[in-house]
Structure formats: structure tokens, C-alpha cells
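Enquirer: For reference, the structure I am asking about is given below.
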There are 2 protein chains.
Amino acid sequence: MQTVSRVVNDNRNVSEKTRERVLEAITRLGYRPNLLARRFTSGRTHTLGVIGFNLGFISTDLHQGMAREAAARGYSLQLKTLSDLTVEHVEETLLSLMDQRIEGILWAIPDTLRNSEWLSEGVLARVTVPMVFLSFQPRHGITSIGFDNFECGRLATQHLIASGRKRVAHISGPQDWWVARERVRGWRSALQRAGLPAPDTYIAAGNWLPESGQSALNALLDRSPDIDAIFVANDRMALGALLAAHERKLNIPRDVAIIGVDNILESSCFFPPLTTVRQDKSRHGEIAVEALVRRVTARHDKSIDTLDDLPRLAQDVIVRQSAS
Amino acid sequence: MQTVSRVVNDNRNVSEKTRERVLEAITRLGYRPNLLARRFTSGRTHTLGVIGFNLGFISTDLHQGMAREAAARGYSLQLKTLSDLTVEHVEETLLSLMDQRIEGILWAIPDTLRNSEWLSEGVLARVTVPMVFLSFQPRHGITSIGFDNFECGRLATQHLIASGRKRVAHISGPQDWWVARERVRGWRSALQRAGLPAPDTYIAAGNWLPESGQSALNALLDRSPDIDAIFVANDRMALGALLAAHERKLNIPRDVAIIGVDNILESSCFFPPLTTVRQDKSRHGEIAVEALVRRVTARHDKSIDTLDDLPRLAQDVIVRQSAS
DNA sequence: CCTTGTTTTGATAACGTTATCAATTCGACT
DNA sequence: AGTCGAATTGATAACGTTATCAAAACAAGG
């Protein structure tokens with residue numbers, strides 16, 4: 001019955017009397033609307049598609065932030081996992097989300113080289129719903145939400161310089177990751193501004209995993225034994241670097257100061273507790289969802305949302321013992 | 001047109017000629033079936049609901065395992081996050097999943113005391129789809145998939161005993177968690193079998209987080225300075241315990257051996273690298289999904305699946321330097 | 001060529017909701 | 001009371017698919 005629909009949808013054109021009668025019947029019969037029918041008919045699903053990557057996937061915090069914000073705005077999330085970034089696979093995934101009539105897509109795979117192929121193939125042209133990218137290099141026609149990783153690198157390096165370090169090396173992420181390159185730029189910028197050397201021998205690239213931090217520290221110190229501080233591009237690699245330092249009988253932070261990025265839960269109990277740049281991942285997820293939902297509603301209202309009042313993502317140094 | 005439906009659904013009663021004609025038209029027009037309409041009409045969604053907890057949420061590995069297995073069996077997952085376990089909230093969440101006509105529910109919140117209330121309230125009686133619980137204490141009418149944590153505790157403790165330790169303490173998880181209590185039982189059993197003492201002063205409970213491991217180690221050693229080994233109920237707390245040990249100028253493993261549980265990615269780069277009991281979380285997710293999907297298909301075929309040929313979840317000790 | 005049985009095709013209804021519009025009721029004012 | 005406009009209610013169609021059944025085409029055998 002149409003009236004029932006009006007009641008459950010809070011339509012105002014219902015008299016108080018019938019509303020009560022209907023509500024009574026609803027509770028008496030234990031009636032629950034069929035969500036599938038509703039979505040199908042109305043064409044609105046209030047669902048956002050999230051595309052993540054197989055390995056490592058989306059960090060728990062990021063997912064929490066997205067889920068919380070989506071729930072707060074009355075949306076739910078549909079997670080899709082991509083095992084590779086071939087054009088066919090990406091296209092099929094995007095289309096399959098649209099087959100389900102999701103209302104927007106969150107691309108939660110950071111910007112790496114392997115994205116360039118499908119981006120240039122015009123796959124995006126077939127996406128007819130709003131889309132927001134996480135941690136993507138700004139490109140024409142792409143809305144990217146992410147931290148300022150140049151600033152992140154500068155912050156970290158400045159902290160090391162401010163405590164008197166003169167030879168600051170960098171263990172970076174893989175160089176085909178845009179965020180990794182940004183952090184390198186930040187590191188270099190801070191050193192140059194302080195008039196300190198930033199030779200290429202002061203950089204070693206890892207793959208974000210702890211073991212790679214370990215070998216990177218060994219590589220750096222084998223090349224340049226006089227290094228007195230290292231900015232490590234994430235906490236996990238910093239953990240590996242700490243282990244390598246202990247194996248070399250170095251005292252942290254006396255001989256070498258170390259600063260990481262992420263402030264993962266464990267970092268406060270590293271030995272020694274890790275100084276690190278905190279990035280609030282759950283906030284990242286929240287803002288990304290906010291941006292996407294605003295795009296979706298704007299599209300629905302046939303209005304335009306420039307999104308330029310979105311909050312910025314703050315980051316700050318958490319000082320612990322590995323770099324005072 | 002009905003014939004189109006037959007073609008896309010691979011119905012065999014279609015002549016080769018029309019099939020080709022239809023397929024040609026499909027590619028020419030770029031036709032894609034509306035999944036919402038299909039699900040609504042057929043009543044089958046091929047979707048499983050997953051209920052996780054707000055804090056810490058589901059581990060990445062577990063989620064990966066679930067997602068992979070679900071995809072392999074043609075199902076997708078619908079994640080729901082619970083912020084508390086009140087009867088109303090739990091019931092509403094379960095019902096809202098059924099409103100979406102999901103075909104089965106995966107309860108991915110481990111067994112803690114706070115579950116008892118809603119379980120005893122008969123909420124389950126309103127769930128009309130198959131349900132599988134992860135890491136739940138066996139109860140009547142509940143299908144639980146999880147590791148044998150009694151065995152886990154025995155394995156870990158036996159490893160310490162086998163290397164000659166005589167005073168083996170335990171840093172446990174919160175005692176309202178069933179898995180934590182099981183590990184305590186395993187610890188106690190191994191000690192008793194070896195004729196070693198297992199006094200209550202040898203146990204300190206943490207909350208799974210690193211810091212709690214730190215304070216637990218301090219508490220234990222303040223009470224009993226002669227402890228020479230500790231079985232820590234997870235790797236995160238083990239990290240905290242290691243830090244506390246370093247602060248006390250103890251040598252690990254010479255003075256105190258430490259073994260954890262989980263084999264998290266970071267544990268191989270702890271200082272020293274952590275000996276730990278490996279539990280394959282992604283396998284856990286896979287098997288849980290397998291169990292649930294089999295229940296779902298059995299229900300659909302009106303057959304019975306006893307599930308008693310499900311693979312067991314193996315666990316083993318990974319020996320590193322913290323307990324040789 | 002006709003009959004019979006089988007395969008293929010198409011027409012119609014159904015799923016449970018919302019949109020649309022017509023019909024009815026209600027209230028206020030002349 | 002009669003009139004008008006507004007608020008409320010109900011009937012009908014529509015969404016895009018699949019299920020069902022009837023019709024048509026086809027194949028084989030006499």
C-alpha cells in the first residue's frame with residue numbers, strides 16, 4: 001500500500017491518525033521493508049564502492065574512518081579488492097560496481113606507476129558516478145584526498161636538524177609510489193634550506209616492510225658511516241632499521257637518531273620508542289567519504305560542490321626517544 | 001526479453017544461432033544486466049554479511065582470507081561494524097542484514113563476556129539465515145571456526161620448557177575473552193605436565209595492546225624476580241614486554257626468554273626477533289567462509305552439510321632469537 | 001506429407017517498493 | 001449550506017529481471 005510507504009519514509013502528508021494505525025500494524029506484524037525492492041525501485045542504493053589492493057589492503061584505521069563517516073551520512077560501503085592493475089581487471093571492477101548501482105567510488109589504491117596505464121586508457125570515461133582518489137598525485141579531472149607528504153618529509157627532517165644532526169639520510173618507500181617521492185622531496189628541501197648535504201648516497205629505497213628497513217640501514221651505513229640521523233618513510237621500515245642498528249651495536253638515538261612516519265600502534269613500544277610523524281588515517285578516511293558523499297549529493301541535486309572547504313589533513317611530530 | 005535472460009544465464013535451451021545474435025547485440029549496445037533487479041527478482045544476492053567490532057576491527061589477513069574465499073565461490077561480503085554489544089544494537093544489525101537479503105552471516109567478533117547477554121536473549125532465533133561464528137567457545141547450536149588456543153598455549157609453553165626454562169610466566173589477554181582463557185589453560189597444562197609450578201602470581205593480564213605488555217612484565221618481575229621465561233598471549237604485548245625488559249637491563253633471551261602469538265609482520269624485526277606461534281589468519285577467514293557457504297548451499301538444496309570434513313587450522317612455533 | 005515429440009521462442013505475470021495522478025476527505029470561508 | 005482549496009488517501013503503473021506456461025518451430029519416424 002502506498003500509505004505504508006509514506007509512513008516508513010516519513011512523508012509529511014499523512015495524518016497523525018493513520019500514521020499511528022500503520023505503525024501499530026507494522027510492529028504487530030513485524031513488517032520490515034525489503035531493502036532490495038526499495039533500492040531497485042528508487043534507484044538509490046546509498047552505497048559507495050571502495051577499491052583496495054590485495055596486499056596490505058586498506059589500513060584498519062583508514063577503513064574505520066571511512067566506515068564511520070559513511071554510516072554517519074547514511075551510506076554503506078561495498079569493498080572490492082584488486083589483485084592487479086591491468087586495464088581489463090580495473091575496468092571490469094569499476095563496471096561491476098556500477099552494475100550494482102553504487103552511487104560513488106572511492107579509489108583507495110595509492111598512486112603508483114602501475115596506475116598510469118589504465119588511467120591513460122580512458123577507462124575513467126566509462127565511470128558515470130562520482131569518484132574520489134586517495135593519496136593520488138593531482139591530475140586533471142581527478143579529485144584526490146590525502147596528506148601533504150612533501151610537508152611530512154620536511155617536518156620529519158626539520159625535527160632531526162633542529163636537534164643538531166648534520167648528516168641526515170633517508171630510507172624511502174618504493175620510488176614508483178608518488179607518496180614516497182613526495183617524502184623524498186620534503187627531505188631534500190629541508191636539508192637544502194638548512195644548507196646541509198643531500199647526496200643520492202644518503203637515500204636507500206625500501207618496500208615499506210620491516211626487513212627492507214633493516215637492509216636499507218645497513219646499505220646506508222656501509223656507504224656513509226658518518227650518518228647521524230635517518231628519516232625513515234614509515235614506521236615498519238623504521239622498526240627494521242632499529243634492529244639493524246642494534247646489530248651494529250649503535251646506540252639510538254646517541255649515534256643515530258631515527259624518525260618514522262605513521263605512528264602505528266606498536267611504535268610507542270619500539271626499542272627505543274619511536275619518534276614519528278603522526279598521520280591520522282581514520283581522519284583521512286572520513287574526509288574522503290565526506291568529499292565523495294558531497295559529490296554524490298551535488299550530482300543528485302544538480303548543484304555543484306567545489307569541495308574547497310574540506311578540512312585539511314593535519315600531521316605532527318610525536319617526539320619519543322629515538323630522536324629527541 | 002526472456003531470451004536475453006536465458007543467454008546471459010547460460011541456459012542450455014537456446015539455439016546457437018540466437019545465442020550469437022543476442023551476444024552480438026549485447027556487445028554492440030554495451031548492455032549490462034541490472035544487478036539490483038536481478039537480485040530482487042531472483043531473491044538470491046550471493047552476499048554474506050560480516051559483523052566485526054569497532055576497535056581493532058578484523059585483522060587485515062583475516063579479511064583477505066574471507067574476501068578471497070568468498071570471491072572464489074562467487075559471493076561478495078557486506079561488512080557491518082558494531083560499536084557495542086547491547087541487545088538492541090545486535091538485533092538491529094542482524095535484522096538490517098537480513099533486510100538486504102544476505103544469505104549468511106559471519107560473526108567475526110571473538111567470544112567475550114559481553115556476548116552472553118544478547119545470546120541468551122534469543123536474538124539468534126530471529127536470524128533465519130545460516131550463521132558462522134569466529135573464535136567462539138563451542139555452544140549448543142553455534143558453529144564456531146577458530147584455532148585451538150589451548151593447544152596454542154601448550155605449544156608455546158612447551159617450547160620454553162624444552163629449552164630448559166623452569167619458571168615460565170604468562171602475560172595473558174583479558175580474561176573475559178574465551179581465547180585468552182584457553183591460552184591460559186594451555187600454559188598451565190604444559191607446566192603441570194612438566195612438573196613445574198604455575199602459581200597465579202605467574203600470570204598478569206593485559207589488554208592485547210603493547211603498553212599493557214610493558215606493565216605486565218614489570219608487574220610479573222616485581223613480584224617474582226626469578227622468572228626466566230614468559231609466554232605472551234600476542235605479539236603486540238610481547239613487544240611491550242621486550243621494551244620493559246630492555247628498560248630493566250635484562251638480556252633477552254639469556255635472562256628471560258619470550259614467546260608470542262600471531263606472527264605479525266613486524267615480529268621478525270623486533271629486538272630481538274620474536275619467537276612466536278604462527279596462526280594463519282587468512283586461512284581462518286577462508287575456512288570460515290567455506291563453512292558458511294556450504295551451509296548456505298545446503299539450505300538452498302534442502303540437503304544437510306555436517307561440515308565435519310572442514311580442514312583443521314594448523315599452528316606452529318616460529319623460532320627466532322627471543323626464545324631459542 | 002502427416003503425426004508426434006522435442007526443442008526453442010515469446011507473452012504474461014510476478015517480485016515489493018515508489019511515483020504519479022485521480023479521488024476523496026477535510027477545513028475554512030463566504 | 002455551499003464553495004473552494006488544501007490535505008490526505010488510494011488505484012494504477014513502473015522499475016528490470018526471472019518464472020511459468022503457451023505457442024511456434026523443428027526433427028524424426030511412419
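FYI, nothing fancy with the C-alpha cells labels: chains A, B, ... in order, residues from 1 per chain, ligands from 1 as they appear.
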For chain B, work out the contacting residues on chain A at 8 Å, counting only C-alpha atoms, and write them as JSON, numbers by chain.
Expert: {"A": [32, 33, 34, 35, 36, 37, 39, 40, 54, 56, 57, 58, 59, 60, 64, 67, 77, 78, 79, 81, 99, 100, 101, 210, 211, 236, 239, 240, 243, 246, 265, 266, 268, 269, 270, 271, 272]}
Enquirer: Could the residues of chain D that have an atom at most 12 Å from chain A be listed as a Markdown table, each with its closest atom pair and the distance in Å to one decimal, counting only C-alpha atoms (C1' of nucleotides) and ordered by chain and ascending residue number?
Expert:
| residue | atom | partner | partner_atom | distance |
| --- | --- | --- | --- | --- |
| D:DA6 | C1' | A:Asn13 | CA | 11.1 |
| D:DA7 | C1' | A:Asn13 | CA | 7.1 |
| D:DT8 | C1' | A:Val14 | CA | 6.4 |
| D:DT9 | C1' | A:Thr3 | CA | 7.4 |
| D:DG10 | C1' | A:Gln2 | CA | 7.6 |
| D:DA11 | C1' | A:Gln2 | CA | 9.5 |
| D:DT12 | C1' | A:Gln2 | CA | 11.0 |
| D:DA14 | C1' | A:Thr41 | CA | 8.6 |
| D:DC15 | C1' | A:Thr41 | CA | 5.2 |
| D:DG16 | C1' | A:Phe40 | CA | 8.7 |
| D:DT17 | C1' | A:Phe40 | CA | 10.5 |
Enquirer: Got a sec to tell me which of stretch 188-238 of chain A DSSP assigns to strand (DSSP E or B), as a PyMOL selection string?
Expert: chain A and resi 203-205+229-232
Enquirer: Taking only C-alpha atoms (C1' of nucleotides) into account, which residues of chain C are within 7 Å of chain A, as a PDB file with N, CA and C atoms (P, O5', C5', C4', C3', O3' and C1' of nucleotides), in the first residue's frame?
Expert:
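So the final result, stored in part.pdb, reads:
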ATOM      1  P    DG C  16       7.280 -10.250  -2.500  1.00  0.00           P
ATOM      2  O5'  DG C  16       7.577  -8.705  -2.245  1.00  0.00           O
ATOM      3  C5'  DG C  16       8.892  -8.320  -1.864  1.00  0.00           C
ATOM      4  C4'  DG C  16       9.006  -6.826  -1.965  1.00  0.00           C
ATOM      5  C3'  DG C  16       8.006  -6.047  -1.102  1.00  0.00           C
ATOM      6  O3'  DG C  16       8.711  -5.031  -0.443  1.00  0.00           O
ATOM      7  C1'  DG C  16       7.898  -5.322  -3.330  1.00  0.00           C
ATOM      8  P    DT C  17       8.059  -4.130   0.669  1.00  0.00           P
ATOM      9  O5'  DT C  17       8.147  -2.693  -0.004  1.00  0.00           O
ATOM     10  C5'  DT C  17       9.380  -2.030  -0.099  1.00  0.00           C
ATOM     11  C4'  DT C  17       9.480  -1.245  -1.382  1.00  0.00           C
ATOM     12  C3'  DT C  17       8.847   0.135  -1.369  1.00  0.00           C
ATOM     13  O3'  DT C  17       9.767   1.066  -0.842  1.00  0.00           O
ATOM     14  C1'  DT C  17       8.605  -0.994  -3.480  1.00  0.00           C
ATOM     15  P    DT C  18       9.306   2.524  -0.482  1.00  0.00           P
ATOM     16  O5'  DT C  18       9.161   3.217  -1.909  1.00  0.00           O
ATOM     17  C5'  DT C  18      10.326   3.527  -2.648  1.00  0.00           C
ATOM     18  C4'  DT C  18       9.937   4.171  -3.958  1.00  0.00           C
ATOM     19  C3'  DT C  18       9.307   5.558  -3.834  1.00  0.00           C
ATOM     20  O3'  DT C  18       9.886   6.380  -4.848  1.00  0.00           O
ATOM     21  C1'  DT C  18       7.872   4.132  -5.046  1.00  0.00           C
TER      22       DT C  18
END
Enquirer: For atom CA of A:Cys152 and atom CA of A:Trp187, quote the distance in Å rounded to one decimal.
Expert: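 Separation of atom CA of A:Cys152 and atom CA of A:Trp187: 8.5 Å.
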Enquirer: Between atom CA of B:Ile304 and atom CA of B:Trp178, what distance in Å does the model show, to one decimal?
Expert: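 Going from atom CA of B:Ile304 over to atom CA of B:Trp178 covers 29.3 Å.
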Enquirer: So that I can check the surroundings of B:Ala169, please list as a short mmCIF file (atom, residue, chain, number, x, y, z; two decimals) with N, CA and C atoms, in the first residue's frame every protein, DNA and RNA residue that reaches within 8 Å of it, counting only C-alpha atoms (C1' of nucleotides) and ignoring chain neighbours fewer than 3 positions away.
Expert:
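Ended up saving to out-v9.cif:
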data_model
loop_
_atom_site.label_atom_id
_atom_site.label_comp_id
_atom_site.auth_asym_id
_atom_site.auth_seq_id
_atom_site.Cartn_x
_atom_site.Cartn_y
_atom_site.Cartn_z
N ALA B 198 52.93 -23.40 38.49
CA ALA B 198 52.13 -22.46 37.70
C ALA B 198 51.27 -21.64 38.65
N TYR B 202 52.20 -15.94 38.64
CA TYR B 202 52.93 -16.01 37.37
C TYR B 202 52.07 -15.55 36.19
N ILE B 203 50.88 -15.10 36.49
CA ILE B 203 50.03 -14.59 35.41
C ILE B 203 49.76 -13.11 35.60
N LEU B 220 55.04 -8.64 36.75
CA LEU B 220 55.49 -10.01 36.98
C LEU B 220 56.86 -10.05 37.65
N ILE B 227 61.68 -15.27 37.53
CA ILE B 227 61.08 -15.74 36.28
C ILE B 227 62.14 -15.78 35.18
N ASP B 228 62.19 -16.89 34.43
CA ASP B 228 63.20 -16.97 33.37
C ASP B 228 62.60 -17.14 31.98
N ALA B 229 61.28 -17.09 31.88
CA ALA B 229 60.66 -17.14 30.55
C ALA B 229 59.23 -16.63 30.66
N ILE B 230 58.73 -16.07 29.57
CA ILE B 230 57.35 -15.58 29.57
C ILE B 230 56.67 -15.95 28.25
N PHE B 231 55.50 -16.56 28.39
CA PHE B 231 54.64 -16.80 27.24
C PHE B 231 53.66 -15.62 27.18
#
Enquirer: In Å, how far is it from atom CA of A:Leu155 to atom CA of A:Ser212?
Expert: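 Atom CA of A:Ser212 lies 23.0 Å from atom CA of A:Leu155.
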Enquirer: Excluding stretch 320-322 of chain B and its own-chain neighbours fewer than 5 positions away, which residues fall within 6 Å of it when counting only C-alpha atoms (C1' of nucleotides)? Please give them as a PyMOL selection string.
Expert: chain B and resi 252-253+257-258+272-275
Enquirer: Could you give me, as a PDB file with C-alpha atoms, in the first residue's frame, the residues within 10 Å of B:Phe147, counting only C-alpha atoms (C1' of nucleotides) and dropping anything in the same chain fewer than 5 positions from it?
Expert:
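See result-v4.pdb below for the written result:
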ATOM      1  CA  LEU B 134      34.684 -16.992  14.521  1.00  0.00           C
ATOM      2  CA  SER B 135      36.734 -17.957  17.560  1.00  0.00           C
ATOM      3  CA  PHE B 136      33.747 -18.797  19.699  1.00  0.00           C
ATOM      4  CA  CYS B 152      48.454 -22.786  21.180  1.00  0.00           C
ATOM      5  CA  VAL B 179      40.607 -17.330  23.538  1.00  0.00           C
ATOM      6  CA  GLN B 279      48.356 -18.684  13.299  1.00  0.00           C
ATOM      7  CA  ASP B 280      47.362 -18.315   9.692  1.00  0.00           C
ATOM      8  CA  LYS B 281      44.618 -15.737   9.953  1.00  0.00           C
ATOM      9  CA  HIS B 284      40.964 -18.829   9.205  1.00  0.00           C
ATOM     10  CA  ARG B 312      41.705 -28.032  10.697  1.00  0.00           C
ATOM     11  CA  LEU B 313      43.558 -24.813  11.393  1.00  0.00           C
ATOM     12  CA  ALA B 314      47.209 -25.585  11.928  1.00  0.00           C
ATOM     13  CA  GLN B 315      49.591 -23.554  14.083  1.00  0.00           C
TER      14      GLN B 315
END
Enquirer: If you run DSSP over the backbone, which residues in stretch 24-135 of chain B end up helix (DSSP H, G or I)? Put them as a ChimeraX atom specification.
Expert: /B:24-29,35-42,60-72,87-99,115-120,123-126
Enquirer: Could you check the closest approach to C:DT7 for each of B:Arg12, B:Arg299, B:His170, B:His46 and tell me which residue wins, using only C-alpha atoms (C1' of nucleotides)?
Expert: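 Closest residue, counting only C-alpha atoms (C1' of nucleotides): B:Arg12.
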Enquirer: If you count only C-alpha atoms (C1' of nucleotides), which residues fall within 10 Å of C:DA14, apart from same-chain ones fewer than 4 positions away, as a ChimeraX atom specification?
Expert: /B:41 /D:18-20
Enquirer: Restrict the selected residues to N, CA and C atoms (P, O5', C5', C4', C3', O3' and C1' of nucleotides) and save them as a compact mmCIF listing (two decimals), in the first residue's frame.
Expert:
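Now in part.txt:
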# COMPACT_ATOMS: atom_id res chain seq x y z
N THR B 41 14.53 -9.87 -8.11
CA THR B 41 13.63 -10.84 -8.70
C THR B 41 13.97 -12.26 -8.28
P DT D 18 17.79 -12.50 -15.15
O5' DT D 18 16.52 -13.22 -14.49
C5' DT D 18 16.52 -13.52 -13.11
C4' DT D 18 15.22 -14.21 -12.74
C3' DT D 18 15.05 -15.61 -13.32
O3' DT D 18 14.51 -16.44 -12.30
C1' DT D 18 13.21 -14.25 -13.92
P DA D 19 14.35 -17.99 -12.50
O5' DA D 19 12.78 -18.14 -12.58
C5' DA D 19 11.97 -17.55 -11.57
C4' DA D 19 10.54 -18.03 -11.68
C3' DA D 19 10.34 -19.46 -12.16
O3' DA D 19 9.19 -19.99 -11.49
C1' DA D 19 9.42 -17.97 -13.76
P DT D 20 8.71 -21.50 -11.72
O5' DT D 20 7.53 -21.34 -12.75
C5' DT D 20 6.57 -20.30 -12.54
C4' DT D 20 5.59 -20.26 -13.69
C3' DT D 20 5.31 -21.62 -14.34
O3' DT D 20 3.91 -21.76 -14.47
C1' DT D 20 5.87 -20.03 -15.99
Enquirer: Looking at B:Gly206, B:Gly122, B:Pro225, B:Pro199, which one is nearest to B:Val87, with distances taken over only C-alpha atoms?
Expert: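 Smallest separation from B:Val87 among the options: B:Gly122.
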